[in-house]
>>> print(open('coords_33.cif').read())   # mmCIF, C-alpha atoms
data_query
loop_
_atom_site.group_PDB
_atom_site.id
_atom_site.type_symbol
_atom_site.label_atom_id
_atom_site.label_comp_id
_atom_site.auth_asym_id
_atom_site.auth_seq_id
_atom_site.Cartn_x
_atom_site.Cartn_y
_atom_site.Cartn_z
ATOM 1 C CA MET A 1 21.118 109.067 30.096
ATOM 2 C CA PRO A 2 21.020 110.581 33.604
ATOM 3 C CA ARG A 3 19.763 114.086 33.898
ATOM 4 C CA GLN A 4 22.210 116.743 35.104
ATOM 5 C CA ASN A 5 21.130 119.239 37.705
ATOM 6 C CA VAL A 6 22.035 122.760 36.813
ATOM 7 C CA HIS A 7 22.301 124.990 39.874
ATOM 8 C CA GLN A 8 22.217 128.709 39.717
ATOM 9 C CA ILE A 9 25.282 130.060 41.472
ATOM 10 C CA LYS A 10 24.895 133.441 43.089
ATOM 11 C CA PRO A 11 27.711 135.825 42.327
ATOM 12 C CA GLU A 12 29.956 136.267 45.357
ATOM 13 C CA LYS A 13 29.973 139.626 47.076
ATOM 14 C CA PRO A 14 33.188 141.508 46.563
ATOM 15 C CA LYS A 15 35.492 141.395 49.584
ATOM 16 C CA ASN A 16 36.090 145.148 49.683
ATOM 17 C CA VAL A 17 32.524 146.140 50.580
ATOM 18 C CA LYS A 18 32.699 149.410 52.508
ATOM 19 C CA ARG A 19 31.444 148.891 56.033
ATOM 20 C CA ASP A 20 30.675 151.641 58.478
ATOM 21 C CA PRO A 21 33.975 152.229 60.354
ATOM 22 C CA ILE A 22 32.170 152.795 63.668
ATOM 23 C CA ALA A 23 30.069 149.637 63.381
ATOM 24 C CA SER A 24 33.071 147.521 62.402
ATOM 25 C CA GLY A 25 35.145 148.814 65.339
ATOM 26 C CA ASP A 26 37.719 150.605 63.183
ATOM 27 C CA ARG A 27 36.802 154.018 64.615
ATOM 28 C CA ASP A 28 35.535 155.167 68.029
ATOM 29 C CA ALA A 29 31.857 156.010 68.288
ATOM 30 C CA ALA A 30 32.491 158.780 70.830
ATOM 31 C CA VAL A 31 35.596 160.297 72.423
ATOM 32 C CA ASN A 32 35.752 162.488 75.521
ATOM 33 C CA ARG A 33 38.426 164.981 74.441
ATOM 34 C CA ALA A 34 37.970 167.160 77.516
ATOM 35 C CA ALA A 35 38.880 164.274 79.840
ATOM 36 C CA SER A 36 42.633 164.445 79.270
ATOM 37 C CA HIS A 37 42.516 168.232 79.507
ATOM 38 C CA ASN A 38 40.636 168.346 82.817
ATOM 39 C CA TYR A 39 42.006 165.190 84.502
ATOM 40 C CA PHE A 40 45.137 163.130 85.012
ATOM 41 C CA LEU A 41 44.087 159.724 83.640
ATOM 42 C CA LEU A 42 45.680 157.124 85.918
ATOM 43 C CA GLU A 43 44.267 153.672 85.006
ATOM 44 C CA LYS A 44 41.951 152.577 82.215
ATOM 45 C CA TYR A 45 39.333 149.829 82.267
ATOM 46 C CA GLU A 46 37.210 148.364 79.478
ATOM 47 C CA ALA A 47 33.566 147.923 80.431
ATOM 48 C CA GLY A 48 30.584 146.615 78.554
ATOM 49 C CA VAL A 49 27.516 148.852 78.465
ATOM 50 C CA MET A 50 23.945 147.645 78.978
ATOM 51 C CA LEU A 51 22.001 149.357 76.201
ATOM 52 C CA ARG A 52 18.525 149.204 74.722
ATOM 53 C CA GLY A 53 18.016 148.473 71.029
ATOM 54 C CA THR A 54 17.608 152.036 69.785
ATOM 55 C CA GLU A 55 20.635 153.173 71.824
ATOM 56 C CA VAL A 56 22.916 150.802 69.914
ATOM 57 C CA LYS A 57 21.646 152.160 66.598
ATOM 58 C CA SER A 58 22.101 155.741 67.791
ATOM 59 C CA ILE A 59 25.689 155.062 68.865
ATOM 60 C CA ARG A 60 26.431 153.438 65.504
ATOM 61 C CA SER A 61 25.127 156.556 63.766
ATOM 62 C CA GLY A 62 27.378 158.783 65.935
ATOM 63 C CA LEU A 63 24.819 160.323 68.307
ATOM 64 C CA CYS A 64 26.813 159.728 71.514
ATOM 65 C CA ASN A 65 28.347 162.461 73.685
ATOM 66 C CA LEU A 66 30.516 161.869 76.783
ATOM 67 C CA LYS A 67 31.374 165.488 77.599
ATOM 68 C CA ASP A 68 29.785 165.710 81.074
ATOM 69 C CA ALA A 69 29.592 161.969 81.760
ATOM 70 C CA TYR A 70 31.060 160.222 84.798
ATOM 71 C CA GLY A 71 30.853 156.854 86.506
ATOM 72 C CA ILE A 72 29.916 155.850 90.039
ATOM 73 C CA VAL A 73 30.138 152.627 92.025
ATOM 74 C CA LYS A 74 26.950 151.948 93.951
ATOM 75 C CA ASP A 75 25.927 148.708 95.703
ATOM 76 C CA GLY A 76 28.692 146.724 94.027
ATOM 77 C CA GLU A 77 27.699 147.865 90.532
ATOM 78 C CA VAL A 78 29.189 150.506 88.235
ATOM 79 C CA TRP A 79 26.873 153.047 86.589
ATOM 80 C CA LEU A 80 27.406 155.578 83.809
ATOM 81 C CA LEU A 81 25.675 158.919 84.395
ATOM 82 C CA ASN A 82 25.090 161.930 82.102
ATOM 83 C CA ALA A 83 26.202 160.133 78.936
ATOM 84 C CA HIS A 84 24.008 161.582 76.196
ATOM 85 C CA ILE A 85 22.894 159.152 73.500
ATOM 86 C CA GLY A 86 20.570 160.984 71.122
ATOM 87 C CA PRO A 87 17.242 159.467 70.083
ATOM 88 C CA TYR A 88 17.285 157.142 67.096
ATOM 89 C CA ALA A 89 15.908 158.912 64.013
ATOM 90 C CA HIS A 90 13.765 155.963 62.887
ATOM 91 C CA GLY A 91 12.653 155.025 66.399
ATOM 92 C CA ASN A 92 9.032 154.949 67.509
ATOM 93 C CA ILE A 93 7.324 155.307 70.877
ATOM 94 C CA PHE A 94 9.809 152.811 72.326
ATOM 95 C CA ASN A 95 12.762 155.153 71.718
ATOM 96 C CA HIS A 96 15.112 155.580 74.701
ATOM 97 C CA GLU A 97 15.678 158.532 77.031
ATOM 98 C CA PRO A 98 18.862 160.377 75.992
ATOM 99 C CA LEU A 99 20.329 160.907 79.498
ATOM 100 C CA ARG A 100 19.270 157.747 81.306
ATOM 101 C CA THR A 101 21.634 156.012 83.745
ATOM 102 C CA ARG A 102 23.298 152.982 82.162
ATOM 103 C CA LYS A 103 24.873 149.997 83.881
ATOM 104 C CA LEU A 104 28.500 149.166 83.090
ATOM 105 C CA LEU A 105 29.649 145.553 83.044
ATOM 106 C CA LEU A 106 32.957 144.792 84.760
ATOM 107 C CA ASN A 107 34.501 141.797 86.537
ATOM 108 C CA LYS A 108 33.949 141.602 90.306
ATOM 109 C CA VAL A 109 37.696 141.937 90.891
ATOM 110 C CA GLU A 110 37.774 145.158 88.852
ATOM 111 C CA ILE A 111 34.722 146.498 90.686
ATOM 112 C CA ARG A 112 36.381 145.819 94.057
ATOM 113 C CA LYS A 113 39.499 147.695 92.893
ATOM 114 C CA LEU A 114 37.353 150.617 91.752
ATOM 115 C CA ILE A 115 35.443 150.713 95.052
ATOM 116 C CA GLY A 116 38.720 151.032 96.951
ATOM 117 C CA LYS A 117 40.199 153.618 94.633
ATOM 118 C CA THR A 118 37.134 155.848 94.206
ATOM 119 C CA LYS A 119 36.856 156.199 97.976
ATOM 120 C CA GLN A 120 40.234 157.970 97.914
ATOM 121 C CA ARG A 121 39.873 161.710 97.913
ATOM 122 C CA GLY A 122 39.989 163.299 94.478
ATOM 123 C CA LEU A 123 39.663 160.158 92.325
ATOM 124 C CA THR A 124 36.701 159.697 90.011
ATOM 125 C CA LEU A 125 35.625 157.549 87.061
ATOM 126 C CA ILE A 126 35.553 159.309 83.700
ATOM 127 C CA PRO A 127 34.489 157.639 80.422
ATOM 128 C CA THR A 128 37.097 158.434 77.777
ATOM 129 C CA ARG A 129 35.599 156.710 74.729
ATOM 130 C CA VAL A 130 32.810 154.463 73.464
ATOM 131 C CA TYR A 131 33.545 151.957 70.709
ATOM 132 C CA PHE A 132 32.449 148.596 69.326
ATOM 133 C CA ARG A 133 34.386 145.355 69.748
ATOM 134 C CA ASN A 134 33.022 142.168 68.175
ATOM 135 C CA GLY A 135 29.649 143.862 67.724
ATOM 136 C CA LYS A 136 29.312 144.819 71.396
ATOM 137 C CA ALA A 137 29.393 148.397 72.694
ATOM 138 C CA LYS A 138 32.289 149.032 75.070
ATOM 139 C CA CYS A 139 33.132 152.036 77.231
ATOM 140 C CA GLU A 140 36.679 152.844 78.268
ATOM 141 C CA LEU A 141 36.628 154.128 81.859
ATOM 142 C CA ALA A 142 39.587 155.957 83.320
ATOM 143 C CA LEU A 143 40.342 156.390 86.985
ATOM 144 C CA ALA A 144 41.081 160.110 87.043
ATOM 145 C CA LYS A 145 42.347 162.847 89.348
ATOM 146 C CA GLY A 146 41.221 166.410 88.649
ATOM 147 C CA LYS A 147 43.746 168.925 87.338
ATOM 148 C CA GLN A 148 44.177 172.340 88.886
ATOM 149 C CA HIS A 149 44.449 175.438 86.703
ATOM 150 C CA TRP A 150 48.259 175.503 86.867
ATOM 151 C CA ASP A 151 48.396 171.802 85.925
ATOM 152 C CA LYS A 152 46.472 172.572 82.746
ATOM 153 C CA ARG A 153 48.892 175.390 81.865
ATOM 154 C CA GLU A 154 51.886 173.101 82.489
ATOM 155 C CA THR A 155 50.402 170.396 80.241
ATOM 156 C CA GLU A 156 49.829 172.973 77.521
ATOM 157 C CA ARG A 157 53.460 174.186 77.804
ATOM 158 C CA LYS A 158 54.754 170.607 77.476
ATOM 159 C CA ARG A 159 52.553 169.962 74.456
ATOM 160 C CA ASP A 160 53.773 173.156 72.749
ATOM 161 C CA ALA A 161 57.410 172.318 73.479
ATOM 162 C CA ASP A 162 56.976 168.785 72.068
ATOM 163 C CA LYS A 163 55.311 170.177 68.954
ATOM 164 C CA GLU A 164 58.148 172.668 68.382
ATOM 165 C CA ALA A 165 60.743 169.901 68.838
ATOM 166 C CA ARG A 166 58.973 167.648 66.312
ATOM 167 C CA GLU A 167 58.784 170.523 63.820
ATOM 168 C CA ALA A 168 62.504 171.307 64.293
ATOM 169 C CA VAL A 169 63.408 167.640 63.682
ATOM 170 C CA ALA A 170 61.209 167.605 60.557
ATOM 171 C CA ARG A 171 62.876 170.799 59.275
ATOM 172 C CA GLY A 172 66.297 169.260 59.953
ATOM 173 C CA ARG A 173 65.447 166.162 57.913
ATOM 174 C CA LYS A 174 64.027 168.239 55.075
ATOM 175 C CA GLY A 175 66.895 170.633 54.474
#
>>> encode(input="coords_33.cif", output="structure tokens")
Amino acid sequence: MPRQNVHQIKPEKPKNVKRDPIASGDRDAAVNRAASHNYFLLEKYEAGVMLRGTEVKSIRSGLCNLKDAYGIVKDGEVWLLNAHIGPYAHGNIFNHEPLRTRKLLLNKVEIRKLIGKTKQRGLTLIPTRVYFRNGKAKCELALAKGKQHWDKRETERKRDADKEAREAVARGRKG
């Protein structure tokens, strides 16, 4: 009689395992909320970010800040300046510098467009958010024009008026 092989079957992992929403790309790792307040955001570009190992782990744990960050085009390359990525808690002597300049990865056609547009007076590159897509860190860059003080007040008035209109519609549906 032939001998039967009995294999141990590992129990399958349940499908609903909670994954970190930042790491899976469901939620942004960092958002520059001040950008839309201080600038008119004209065009948006998605750029890859060249990071070191501990920087990726820091971004996944939410230690990224874009408040004072901006982008420049220099020698046909796009760079991200003043983006603060905090040191990784479990890092060692090879931990990264928090405010180092990081290279952004864009197509040559997009870089040529940005070179032409950033030479115009008043236009600058502002990072609006950092997120993960397919395991890679991405930075959303916006071509932006600075707002004057009265522009900010006008935007605030529009936002308040829209909010009041939405509330009035909601009250109308309710009662």
>>> atom_distance(input="coords_33.cif", atom1="CA of Val78 in chain A", atom2="CA of Gly53 in chain A")
20.6 Å
>>> closest_atom_pairs(input="coords_33.cif", of="range 40-99 of chain A", to="range 138-143 of chain A", cutoff="6 Å", atoms="only C-alpha atoms", output="Markdown table")
| residue | atom | partner | partner_atom | distance |
| --- | --- | --- | --- | --- |
| A:Leu41 | CA | A:Ala142 | CA | 5.9 |
| A:Leu42 | CA | A:Leu143 | CA | 5.5 |
| A:Glu43 | CA | A:Leu143 | CA | 5.2 |
| A:Lys44 | CA | A:Ala142 | CA | 4.3 |
| A:Tyr45 | CA | A:Leu141 | CA | 5.1 |
| A:Glu46 | CA | A:Glu140 | CA | 4.7 |
| A:Ala47 | CA | A:Cys139 | CA | 5.2 |
| A:Gly48 | CA | A:Lys138 | CA | 4.6 |
| A:Val49 | CA | A:Lys138 | CA | 5.9 |
>>> resolve_selection(input="coords_33.cif", expression="the PyMOL selection byres ((chain A and resi 67-75) around 9)", output="short mmCIF file (atom, residue, chain, number, x, y, z; two decimals) with C-alpha atoms, in the coordinates of the input")
data_model
loop_
_atom_site.label_atom_id
_atom_site.label_comp_id
_atom_site.auth_asym_id
_atom_site.auth_seq_id
_atom_site.Cartn_x
_atom_site.Cartn_y
_atom_site.Cartn_z
CA VAL A 31 35.60 160.30 72.42
CA ASN A 32 35.75 162.49 75.52
CA ARG A 33 38.43 164.98 74.44
CA ALA A 34 37.97 167.16 77.52
CA ALA A 35 38.88 164.27 79.84
CA ASN A 65 28.35 162.46 73.68
CA LEU A 66 30.52 161.87 76.78
CA GLY A 76 28.69 146.72 94.03
CA GLU A 77 27.70 147.86 90.53
CA VAL A 78 29.19 150.51 88.24
CA TRP A 79 26.87 153.05 86.59
CA LEU A 80 27.41 155.58 83.81
CA LEU A 81 25.68 158.92 84.40
CA ASN A 82 25.09 161.93 82.10
CA ALA A 83 26.20 160.13 78.94
CA HIS A 84 24.01 161.58 76.20
CA LEU A 104 28.50 149.17 83.09
CA ILE A 111 34.72 146.50 90.69
CA LEU A 114 37.35 150.62 91.75
CA ILE A 115 35.44 150.71 95.05
CA THR A 118 37.13 155.85 94.21
CA THR A 124 36.70 159.70 90.01
CA LEU A 125 35.62 157.55 87.06
CA ILE A 126 35.55 159.31 83.70
CA PRO A 127 34.49 157.64 80.42
CA LEU A 141 36.63 154.13 81.86
#
>>> atom_distance(input="coords_33.cif", atom1="CA of Ile59 in chain A", atom2="CA of Ala137 in chain A")
8.5 Å
>>> closest_residue(input="coords_33.cif", among="A:Gln148, A:Lys158, A:Arg52, A:Arg129", to="Gly91 in chain A", atoms="only C-alpha atoms")
A:Arg52
>>> residues_around(input="coords_33.cif", residues="Gly62 in chain A", least_positions_apart="3", cutoff="12 Å", atoms="only C-alpha atoms", output="list of chain:residue names")
A:Asp20, A:Pro21, A:Ile22, A:Ala23, A:Arg27, A:Asp28, A:Ala29, A:Ala30, A:Val31, A:Glu55, A:Val56, A:Lys57, A:Ser58, A:Ile59, A:Asn65, A:Leu66, A:His84, A:Ile85, A:Gly86, A:Pro87, A:Tyr88, A:Ala89, A:Val130, A:Tyr131, A:Phe132
>>> write_last_selection(input="coords_33.cif", atoms="C-alpha atoms", output="compact mmCIF listing (two decimals), in the coordinates of the input")
# COMPACT_ATOMS: atom_id res chain seq x y z
CA ASP A 20 30.68 151.64 58.48
CA PRO A 21 33.98 152.23 60.35
CA ILE A 22 32.17 152.79 63.67
CA ALA A 23 30.07 149.64 63.38
CA ARG A 27 36.80 154.02 64.61
CA ASP A 28 35.53 155.17 68.03
CA ALA A 29 31.86 156.01 68.29
CA ALA A 30 32.49 158.78 70.83
CA VAL A 31 35.60 160.30 72.42
CA GLU A 55 20.64 153.17 71.82
CA VAL A 56 22.92 150.80 69.91
CA LYS A 57 21.65 152.16 66.60
CA SER A 58 22.10 155.74 67.79
CA ILE A 59 25.69 155.06 68.86
CA ASN A 65 28.35 162.46 73.68
CA LEU A 66 30.52 161.87 76.78
CA HIS A 84 24.01 161.58 76.20
CA ILE A 85 22.89 159.15 73.50
CA GLY A 86 20.57 160.98 71.12
CA PRO A 87 17.24 159.47 70.08
CA TYR A 88 17.28 157.14 67.10
CA ALA A 89 15.91 158.91 64.01
CA VAL A 130 32.81 154.46 73.46
CA TYR A 131 33.54 151.96 70.71
CA PHE A 132 32.45 148.60 69.33
>>> decode(input="coords_33.cif", residues="range 22-46 of chain A", atoms="N, CA and C atoms", output="tab-separated table (two decimals), in the first residue's frame")
chain	number	residue	atom	x	y	z
A	22	ILE	N	-1.18	55.18	5.86
A	22	ILE	CA	-0.18	55.99	5.15
A	22	ILE	C	0.66	55.09	4.26
A	23	ALA	N	1.11	53.96	4.80
A	23	ALA	CA	1.97	53.04	4.05
A	23	ALA	C	1.23	52.45	2.86
A	24	SER	N	-0.07	52.20	3.01
A	24	SER	CA	-0.82	51.58	1.92
A	24	SER	C	-1.27	52.60	0.87
A	25	GLY	N	-1.09	53.89	1.14
A	25	GLY	CA	-1.46	54.92	0.18
A	25	GLY	C	-2.89	55.40	0.32
A	26	ASP	N	-3.59	54.95	1.38
A	26	ASP	CA	-4.96	55.39	1.60
A	26	ASP	C	-5.03	56.82	2.14
A	27	ARG	N	-3.98	57.25	2.85
A	27	ARG	CA	-3.96	58.57	3.46
A	27	ARG	C	-2.63	59.26	3.14
A	28	ASP	N	-2.66	60.59	3.03
A	28	ASP	CA	-1.43	61.34	2.74
A	28	ASP	C	-0.50	61.31	3.94
A	29	ALA	N	0.80	61.24	3.65
A	29	ALA	CA	1.79	61.25	4.72
A	29	ALA	C	1.99	62.67	5.26
A	30	ALA	N	1.90	63.66	4.40
A	30	ALA	CA	2.03	65.06	4.82
A	30	ALA	C	1.25	65.94	3.87
A	31	VAL	N	0.61	66.98	4.40
A	31	VAL	CA	-0.16	67.92	3.60
A	31	VAL	C	0.27	69.33	3.97
A	32	ASN	N	0.47	70.16	2.96
A	32	ASN	CA	0.83	71.56	3.18
A	32	ASN	C	-0.46	72.38	3.15
A	33	ARG	N	-1.07	72.55	4.32
A	33	ARG	CA	-2.35	73.26	4.39
A	33	ARG	C	-2.20	74.76	4.11
A	34	ALA	N	-1.04	75.30	4.43
A	34	ALA	CA	-0.83	76.74	4.24
A	34	ALA	C	-0.68	77.10	2.76
A	35	ALA	N	-0.40	76.12	1.91
A	35	ALA	CA	-0.15	76.40	0.50
A	35	ALA	C	-1.36	77.04	-0.16
A	36	SER	N	-2.55	76.47	0.04
A	36	SER	CA	-3.73	77.03	-0.63
A	36	SER	C	-4.16	78.35	-0.01
A	37	HIS	N	-3.72	78.61	1.22
A	37	HIS	CA	-4.04	79.88	1.86
A	37	HIS	C	-3.12	80.99	1.36
A	38	ASN	N	-1.85	80.67	1.14
A	38	ASN	CA	-0.88	81.69	0.76
A	38	ASN	C	-0.65	81.82	-0.74
A	39	TYR	N	-1.14	80.85	-1.54
A	39	TYR	CA	-0.86	80.85	-2.98
A	39	TYR	C	-2.11	80.47	-3.77
A	40	PHE	N	-2.14	80.96	-5.03
A	40	PHE	CA	-3.08	80.44	-6.01
A	40	PHE	C	-2.39	79.25	-6.64
A	41	LEU	N	-2.95	78.05	-6.52
A	41	LEU	CA	-2.33	76.85	-7.07
A	41	LEU	C	-2.82	76.67	-8.50
A	42	LEU	N	-1.92	76.84	-9.48
A	42	LEU	CA	-2.31	76.84	-10.88
A	42	LEU	C	-2.29	75.45	-11.51
A	43	GLU	N	-1.15	74.77	-11.50
A	43	GLU	CA	-1.02	73.44	-12.09
A	43	GLU	C	-0.37	72.52	-11.08
A	44	LYS	N	-0.72	71.24	-11.13
A	44	LYS	CA	-0.13	70.28	-10.20
A	44	LYS	C	0.61	69.19	-10.96
A	45	TYR	N	1.74	68.78	-10.41
A	45	TYR	CA	2.56	67.73	-11.00
A	45	TYR	C	2.87	66.69	-9.93
A	46	GLU	N	2.95	65.43	-10.35
A	46	GLU	CA	3.33	64.36	-9.44
A	46	GLU	C	4.80	64.03	-9.70
